[in-house]
Amino acid sequence: MVSAHDLDAVLDELRRLRTRVPQLTGALAAGVDGLVVAHDTPGVDPEGLAALTAASLGVAVRVADATGNGGFRELLVRGEGGYVATYAAGRTAVLTLLAQDRVNVGRLHLEGRRAAARVGDVLDAAEAARPATRTTPAPRTKPTRAPRTTTAEARTATDS
């Protein structure tokens, strides 16, 4: 779980990014699992976008791996009305940006990469600060049992 302070820092970064690149129509930080961390996406369902981002990320990671190009860094989709750019943001998150068709793609990449690095730093630090959770179950121990006694043994023990 990310603290309210860290969430505010991520949301602040998204808003500053939208100020630096006026052609951005939305910005979303999400976990690689498809869960929303923070968003500034007016008119777009953030949960749906985060889920679609996770799905496209899965394909992009496999393509990069299959072609020997190393780990995932970014993905750019150009539609008729604009761009969707996704950047790796630390170890467990991504930054997805929505931009108008007239955006300067070089500027989009420059600012997107910088913002993704800052978002990744915040989220990675938050993850590192979390208490370690046990990933393996505790070893099971067998309870010690008293030896079984037969009915005859039980009678003789009480009769004595």
# chains A, B, ... in the order shown; residues from 1 in each chain; ligands from 1
call {"tool": "closest_atom_pairs", "arguments": {"of": "stretch 10-63 of chain A", "to": "stretch 75-98 of chain A", "cutoff": "10 Å", "atoms": "only C-alpha atoms", "output": "CSV"}}
result
residue,atom,partner,partner_atom,distance
A:Leu14,CA,A:Leu95,CA,9.1
A:Leu17,CA,A:Leu97,CA,9.6
A:Arg18,CA,A:Leu97,CA,9.2
A:Gln23,CA,A:Leu98,CA,8.7
A:Leu24,CA,A:Leu98,CA,5.7
A:Thr25,CA,A:Leu98,CA,5.4
A:Gly26,CA,A:Leu98,CA,4.9
A:Ala27,CA,A:Leu97,CA,4.6
A:Leu28,CA,A:Thr96,CA,5.1
A:Ala29,CA,A:Leu95,CA,4.6
A:Ala30,CA,A:Val94,CA,5.5
A:Gly31,CA,A:Ala93,CA,4.1
A:Val32,CA,A:Ala93,CA,5.1
A:Asp33,CA,A:Ala93,CA,8.3
A:Gly34,CA,A:Ala93,CA,9.0
A:Leu35,CA,A:Ala93,CA,9.4
A:Val36,CA,A:Ala93,CA,9.5
A:Val37,CA,A:Ala93,CA,8.5
A:Ala38,CA,A:Leu95,CA,9.7
A:His39,CA,A:Thr96,CA,9.4
A:Asp40,CA,A:Leu97,CA,9.7
A:Thr41,CA,A:Leu98,CA,8.3
A:Val44,CA,A:Leu98,CA,9.8
A:Leu49,CA,A:Thr96,CA,8.6
A:Ala50,CA,A:Thr96,CA,8.3
A:Thr53,CA,A:Thr96,CA,7.4
A:Ala54,CA,A:Val94,CA,8.7
A:Ser56,CA,A:Leu75,CA,8.6
A:Leu57,CA,A:Leu75,CA,7.9
A:Ala60,CA,A:Leu75,CA,7.1
A:Val61,CA,A:Leu75,CA,9.6
call {"tool": "residues_around", "arguments": {"residues": "stretch 122-126 of chain A", "least_positions_apart": "3", "cutoff": "7 Å", "atoms": "only C-alpha atoms", "output": "VMD selection string"}}
result
chain A and resid 2 6 90 to 91 118 to 119 129 to 130
call {"tool": "write_last_selection", "arguments": {"atoms": "N, CA and C atoms", "output": "PDB file, in the first residue's frame"}}
result
ATOM      1  N   VAL A   2       0.558   2.206  -0.824  1.00  0.00           N
ATOM      2  CA  VAL A   2       1.315   3.436  -0.933  1.00  0.00           C
ATOM      3  C   VAL A   2       0.681   4.472   0.002  1.00  0.00           C
ATOM      4  N   ASP A   6       2.874   9.722  -0.586  1.00  0.00           N
ATOM      5  CA  ASP A   6       3.464   9.249  -1.836  1.00  0.00           C
ATOM      6  C   ASP A   6       2.472   9.377  -2.991  1.00  0.00           C
ATOM      7  N   GLY A  90      10.042   2.641 -12.671  1.00  0.00           N
ATOM      8  CA  GLY A  90      10.569   1.845 -11.572  1.00  0.00           C
ATOM      9  C   GLY A  90      10.377   0.363 -11.824  1.00  0.00           C
ATOM     10  N   ARG A  91      10.416  -0.406 -10.736  1.00  0.00           N
ATOM     11  CA  ARG A  91      10.354  -1.859 -10.857  1.00  0.00           C
ATOM     12  C   ARG A  91       8.947  -2.403 -10.995  1.00  0.00           C
ATOM     13  N   ARG A 118      10.817   9.825 -12.134  1.00  0.00           N
ATOM     14  CA  ARG A 118      10.444  10.406 -10.838  1.00  0.00           C
ATOM     15  C   ARG A 118       9.341   9.590 -10.169  1.00  0.00           C
ATOM     16  N   VAL A 119       8.330   9.203 -10.934  1.00  0.00           N
ATOM     17  CA  VAL A 119       7.249   8.381 -10.385  1.00  0.00           C
ATOM     18  C   VAL A 119       7.813   7.048  -9.896  1.00  0.00           C
ATOM     19  N   ALA A 129      10.091   0.751   1.676  1.00  0.00           N
ATOM     20  CA  ALA A 129       9.794   1.126   3.068  1.00  0.00           C
ATOM     21  C   ALA A 129       8.746   0.232   3.706  1.00  0.00           C
ATOM     22  N   ARG A 130       8.018  -0.501   2.886  1.00  0.00           N
ATOM     23  CA  ARG A 130       6.983  -1.396   3.436  1.00  0.00           C
ATOM     24  C   ARG A 130       7.629  -2.512   4.228  1.00  0.00           C
TER      25      ARG A 130
END
call {"tool": "select_by_dssp", "arguments": {"residues": "stretch 13-157 of chain A", "states": "alpha helix (DSSP H)", "output": "PyMOL selection string"}}
result
chain A and resi 13-20+46-66+105-129+151-157
call {"tool": "atom_distance", "arguments": {"atom1": "atom CA of A:Gly43", "atom2": "atom CA of A:Arg15"}}
result
15.5 Å
call {"tool": "select_by_dssp", "arguments": {"residues": "stretch 6-116 of chain A", "states": "strand (DSSP E or B)", "output": "ChimeraX atom specification"}}
result
/A:24-31,36-40,74-79,82-89,93-100
call {"tool": "write_last_selection", "arguments": {"atoms": "N, CA and C atoms", "output": "compact mmCIF listing (two decimals), in the first residue's frame"}}
result
# COMPACT_ATOMS: atom_id res chain seq x y z
N LEU A 24 -0.96 17.07 -23.76
CA LEU A 24 -1.38 15.87 -23.04
C LEU A 24 -2.84 16.01 -22.65
N THR A 25 -3.57 14.94 -22.85
CA THR A 25 -4.98 14.93 -22.47
C THR A 25 -5.22 14.04 -21.25
N GLY A 26 -4.20 13.33 -20.81
CA GLY A 26 -4.34 12.49 -19.64
C GLY A 26 -3.01 11.87 -19.24
N ALA A 27 -2.92 11.52 -17.97
CA ALA A 27 -1.72 10.85 -17.44
C ALA A 27 -2.16 9.88 -16.35
N LEU A 28 -1.57 8.72 -16.36
CA LEU A 28 -1.95 7.67 -15.42
C LEU A 28 -0.72 6.91 -14.95
N ALA A 29 -0.61 6.73 -13.64
CA ALA A 29 0.41 5.85 -13.07
C ALA A 29 -0.31 4.61 -12.58
N ALA A 30 0.20 3.45 -12.97
CA ALA A 30 -0.45 2.19 -12.60
C ALA A 30 0.61 1.15 -12.30
N GLY A 31 0.21 0.17 -11.51
CA GLY A 31 1.08 -0.96 -11.27
C GLY A 31 1.09 -1.85 -12.50
N VAL A 36 -4.72 1.00 -10.66
CA VAL A 36 -4.43 2.43 -10.70
C VAL A 36 -3.71 2.86 -9.43
N VAL A 37 -2.64 3.63 -9.61
CA VAL A 37 -1.94 4.25 -8.48
C VAL A 37 -2.43 5.69 -8.33
N ALA A 38 -2.37 6.45 -9.43
CA ALA A 38 -2.83 7.83 -9.47
C ALA A 38 -3.17 8.17 -10.91
N HIS A 39 -4.09 9.11 -11.09
CA HIS A 39 -4.45 9.47 -12.46
C HIS A 39 -4.94 10.90 -12.55
N ASP A 40 -4.76 11.45 -13.73
CA ASP A 40 -5.30 12.75 -14.12
C ASP A 40 -5.77 12.54 -15.56
N GLU A 74 9.60 1.38 -23.09
CA GLU A 74 8.47 2.22 -23.48
C GLU A 74 7.72 1.62 -24.66
N LEU A 75 6.49 2.10 -24.80
CA LEU A 75 5.61 1.65 -25.87
C LEU A 75 4.86 2.86 -26.38
N LEU A 76 4.79 3.03 -27.70
CA LEU A 76 4.07 4.16 -28.30
C LEU A 76 3.05 3.63 -29.28
N VAL A 77 1.80 4.06 -29.10
CA VAL A 77 0.72 3.69 -30.00
C VAL A 77 0.19 4.98 -30.60
N ARG A 78 0.09 5.02 -31.92
CA ARG A 78 -0.46 6.20 -32.59
C ARG A 78 -1.78 5.82 -33.22
N GLY A 79 -2.81 6.51 -32.79
CA GLY A 79 -4.14 6.34 -33.38
C GLY A 79 -4.45 7.52 -34.29
N GLY A 82 -4.56 10.66 -31.93
CA GLY A 82 -3.52 10.98 -30.96
C GLY A 82 -2.66 9.79 -30.58
N TYR A 83 -1.95 9.96 -29.48
CA TYR A 83 -0.96 8.98 -29.05
C TYR A 83 -1.27 8.44 -27.65
N VAL A 84 -0.83 7.23 -27.44
CA VAL A 84 -0.80 6.62 -26.11
C VAL A 84 0.64 6.16 -25.92
N ALA A 85 1.30 6.71 -24.92
CA ALA A 85 2.69 6.35 -24.66
C ALA A 85 2.78 5.76 -23.25
N THR A 86 3.45 4.63 -23.14
CA THR A 86 3.62 3.96 -21.85
C THR A 86 5.11 3.80 -21.58
N TYR A 87 5.52 4.20 -20.37
CA TYR A 87 6.92 4.17 -19.97
C TYR A 87 7.08 3.35 -18.69
N ALA A 88 8.16 2.60 -18.60
CA ALA A 88 8.48 1.90 -17.36
C ALA A 88 8.73 2.94 -16.28
N ALA A 89 8.15 2.73 -15.10
CA ALA A 89 8.31 3.67 -13.98
C ALA A 89 8.76 2.86 -12.76
N ALA A 93 5.85 -0.34 -11.71
CA ALA A 93 4.80 0.57 -12.20
C ALA A 93 5.10 1.03 -13.62
N VAL A 94 4.08 1.62 -14.22
CA VAL A 94 4.21 2.23 -15.54
C VAL A 94 3.50 3.58 -15.53
N LEU A 95 3.92 4.43 -16.44
CA LEU A 95 3.30 5.73 -16.65
C LEU A 95 2.72 5.72 -18.05
N THR A 96 1.42 5.98 -18.14
CA THR A 96 0.76 6.02 -19.45
C THR A 96 0.27 7.44 -19.70
N LEU A 97 0.64 7.96 -20.86
CA LEU A 97 0.27 9.33 -21.24
C LEU A 97 -0.61 9.30 -22.47
N LEU A 98 -1.61 10.14 -22.48
CA LEU A 98 -2.50 10.32 -23.62
C LEU A 98 -2.21 11.69 -24.20
N ALA A 99 -2.03 11.76 -25.51
CA ALA A 99 -1.66 13.04 -26.13
C ALA A 99 -2.42 13.25 -27.44
N GLN A 100 -2.61 14.51 -27.74
CA GLN A 100 -3.24 14.89 -28.99
C GLN A 100 -2.33 14.54 -30.16
call {"tool": "atom_distance", "arguments": {"atom1": "atom CA of A:Gly70", "atom2": "atom CA of A:Glu47"}}
result
28.4 Å
call {"tool": "closest_residue", "arguments": {"among": "A:Asp45, A:Ala115, A:Gly120, A:Glu127", "to": "A:Arg16", "atoms": "only C-alpha atoms"}}
result
A:Ala115
